[in-house]
Amino acid sequence: MSTTNPTSVLLAGGGTAGHVSPLLALADCLRRRHPGITITALGTETGLESRLVPDRGYPLLTVPKVPLPRKPSGDLLRLPTNLRGAVRAAERAIQQTGAQVVVGFGGYVSTPAYLAARRCHVPVVVHEQNARPGLANRVGARMTTHVATTFPSTRLAHATAIGMPLRSEIAHLDRAATRAEGLAHFGLEDHHPTLLVTGGSLGAQRLNATFEASAAQLRAGGVQVLHLTGAGKEFTPSTDGDGPPYVVAPYTDRMDLAYAAADLVVARAGANTVCELTAVGLPAVYVPLPIGNGEQQFNAADVVEAGGGIIVDDPQATPEWVGSTLVPLLTDPARIDAMAAAAAAVGERGADELLADMVEAALAESQAAPGEVRP
């Protein structure tokens, strides 16, 4: 076997789509490169990975969910015991699968995976999705020199910016060639500017409320809308008067066709969303989630600086803003085209291949120095 060709890899991450999506993109890439490879995901029983990983055809092993509390609490007192149990479960997964490399994507699962890999003398690769790294990946980056980030601005030890590993249907999307199929799929027409509104798989209350109240003025302005509300959050848009379609759906399994149909997107600024939109060259209005450590604001910073997006603070995303700012933007084709070009200029479609290169490099380095415990 070539020292650069892994035969078994353990991919650790879960909890949110931001961790699971790049994990699956890397898994698919490694399988394309090495058809006989064994790829196993390490996750929790309750995260999105419990459904998404098996649906993609990969086995899932689980570890107990161990939150890393940032404030004094009962969880902090229980942390050493809980973490030991999770590390033991991760060690068993490494031994059971014969994993030669452990790749972590952050979240609850990655810290025990990194610690178990170090104990088992298995090389580690880290991928950080957000502009501001999470605690798990700050720990993991101290154990390896094979660290990848999505954004150049991310401060993490040993980091190389490669972008976000994306699903192949997004990474290889030709929006212009697929536009007619996308419009037809969602029941949209081919002679209106098209707005895609999405708050991710769970929806976004602010966006849903604002655009439900703005449906009539968008249609009156000649704009058609595809609004993905999140499951259980659908509404019936106003149909007063003539106007273009306003299509409401809880979600779609064909985001590639949604992107192909759209001219502009209004969305949160999760790392995966930002990277998918820039990869396919879609301009966007980003409304960062106003909680957490502010990473969503930073996720969109590069594309906004390049001119491919606009940031609107959550409280400012109102029906009045839709009428005064968004409708004029959507009906200005020259500006939309310029923003699309700027978004595409900062997009990266090949991060899955770059991360697979890093996995192979970590394995080669480990095998070149057998018995050595990696730093």
# chains A, B, ... in the order shown; residues from 1 in each chain; ligands from 1
call {"tool": "residues_around", "arguments": {"residues": "Val265 in chain A", "least_positions_apart": "2", "cutoff": "7 Å", "atoms": "only C-alpha atoms", "output": "mmCIF file with N, CA and C atoms, in the first residue's frame"}}
result
data_model
loop_
_atom_site.group_PDB
_atom_site.id
_atom_site.type_symbol
_atom_site.label_atom_id
_atom_site.label_comp_id
_atom_site.auth_asym_id
_atom_site.auth_seq_id
_atom_site.Cartn_x
_atom_site.Cartn_y
_atom_site.Cartn_z
ATOM 1 N N LEU A 195 -35.686 36.007 -5.843
ATOM 2 C CA LEU A 195 -35.094 36.099 -4.508
ATOM 3 C C LEU A 195 -35.266 34.769 -3.797
ATOM 4 N N LEU A 196 -34.175 34.255 -3.236
ATOM 5 C CA LEU A 196 -34.216 33.079 -2.373
ATOM 6 C C LEU A 196 -34.047 33.550 -0.937
ATOM 7 N N VAL A 197 -34.991 33.178 -0.079
ATOM 8 C CA VAL A 197 -34.919 33.486 1.350
ATOM 9 C C VAL A 197 -34.787 32.170 2.097
ATOM 10 N N ALA A 262 -32.014 31.305 -8.327
ATOM 11 C CA ALA A 262 -31.956 32.585 -7.624
ATOM 12 C C ALA A 262 -31.028 33.586 -8.309
ATOM 13 N N ALA A 267 -30.111 35.469 3.708
ATOM 14 C CA ALA A 267 -29.836 34.298 4.539
ATOM 15 C C ALA A 267 -29.064 34.720 5.774
ATOM 16 N N PRO A 283 -24.796 36.460 -5.211
ATOM 17 C CA PRO A 283 -24.752 37.586 -4.271
ATOM 18 C C PRO A 283 -25.777 37.392 -3.174
ATOM 19 N N ALA A 284 -25.526 37.990 -2.023
ATOM 20 C CA ALA A 284 -26.411 37.740 -0.883
ATOM 21 C C ALA A 284 -26.480 38.938 0.041
ATOM 22 N N VAL A 285 -27.610 39.029 0.712
ATOM 23 C CA VAL A 285 -27.759 39.885 1.874
ATOM 24 C C VAL A 285 -27.674 38.969 3.090
#
call {"tool": "residues_around", "arguments": {"residues": "Gly15 in chain A", "least_positions_apart": "4", "cutoff": "8 Å", "atoms": "only C-alpha atoms", "output": "ChimeraX atom specification"}}
result
/A:19-20,43-44,46-49,107-108
call {"tool": "residues_around", "arguments": {"residues": "Arg349 in chain A", "least_positions_apart": "5", "cutoff": "12 Å", "atoms": "only C-alpha atoms", "output": "list of chain:residue names"}}
result
A:Ala25, A:Thr150, A:Ile162, A:Gly163, A:Met164, A:Pro165, A:Leu166, A:Arg167, A:Ser168, A:Glu169, A:Ile170, A:Ala171, A:His172, A:Leu173, A:Asp174, A:Cys275, A:Glu276, A:Leu277, A:Thr278, A:Ala279, A:Val280, A:Gly281, A:Ala344, A:Leu354, A:Leu355
call {"tool": "write_last_selection", "arguments": {"atoms": "C-alpha atoms", "output": "compact mmCIF listing (two decimals), in the first residue's frame"}}
result
# COMPACT_ATOMS: atom_id res chain seq x y z
CA ALA A 25 -17.97 16.24 1.50
CA THR A 150 -12.26 27.96 5.83
CA ILE A 162 -8.41 26.02 2.09
CA GLY A 163 -12.10 26.95 2.11
CA MET A 164 -15.10 24.80 2.97
CA PRO A 165 -15.46 21.25 1.61
CA LEU A 166 -18.74 21.32 -0.31
CA ARG A 167 -21.21 18.76 -1.61
CA SER A 168 -20.36 17.85 -5.19
CA GLU A 169 -23.74 19.02 -6.50
CA ILE A 170 -22.91 22.50 -5.17
CA ALA A 171 -19.20 22.52 -5.96
CA HIS A 172 -19.86 21.62 -9.60
CA LEU A 173 -23.04 23.66 -10.11
CA ASP A 174 -23.31 25.67 -13.33
CA CYS A 275 -19.11 29.30 1.32
CA GLU A 276 -21.80 27.67 -0.82
CA LEU A 277 -23.04 31.04 -2.08
CA THR A 278 -19.58 32.32 -2.96
CA ALA A 279 -18.63 29.02 -4.61
CA VAL A 280 -21.60 29.26 -6.98
CA GLY A 281 -21.29 33.03 -7.43
CA ALA A 344 -17.50 34.18 -7.27
CA LEU A 354 -7.34 20.15 -0.61
CA LEU A 355 -8.46 18.62 2.68
call {"tool": "atom_distance", "arguments": {"atom1": "CA of Pro22 in chain A", "atom2": "CA of Thr40 in chain A"}}
result
14.2 Å
call {"tool": "residues_around", "arguments": {"residues": "range 288-302 of chain A", "least_positions_apart": "6", "cutoff": "6 Å", "atoms": "only C-alpha atoms", "output": "number ranges by chain"}}
result
A: 131-132, 268-271
call {"tool": "residues_around", "arguments": {"residues": "range 328-333 of chain A", "least_positions_apart": "6", "cutoff": "12 Å", "atoms": "only C-alpha atoms", "output": "list in words"}}
result
His191, His192, Pro193, Thr194, Leu195, Leu196, Gln217, Leu218, Arg219, Ala220, Gly221, Gly222, Val223, Gln224, Val225, Ala262, Asp263, Leu264, Val265, Val266, Pro283, Ala284, Val285, Gly309, Ile310, Trp321, Val322, Met339 and Ala340 of chain A
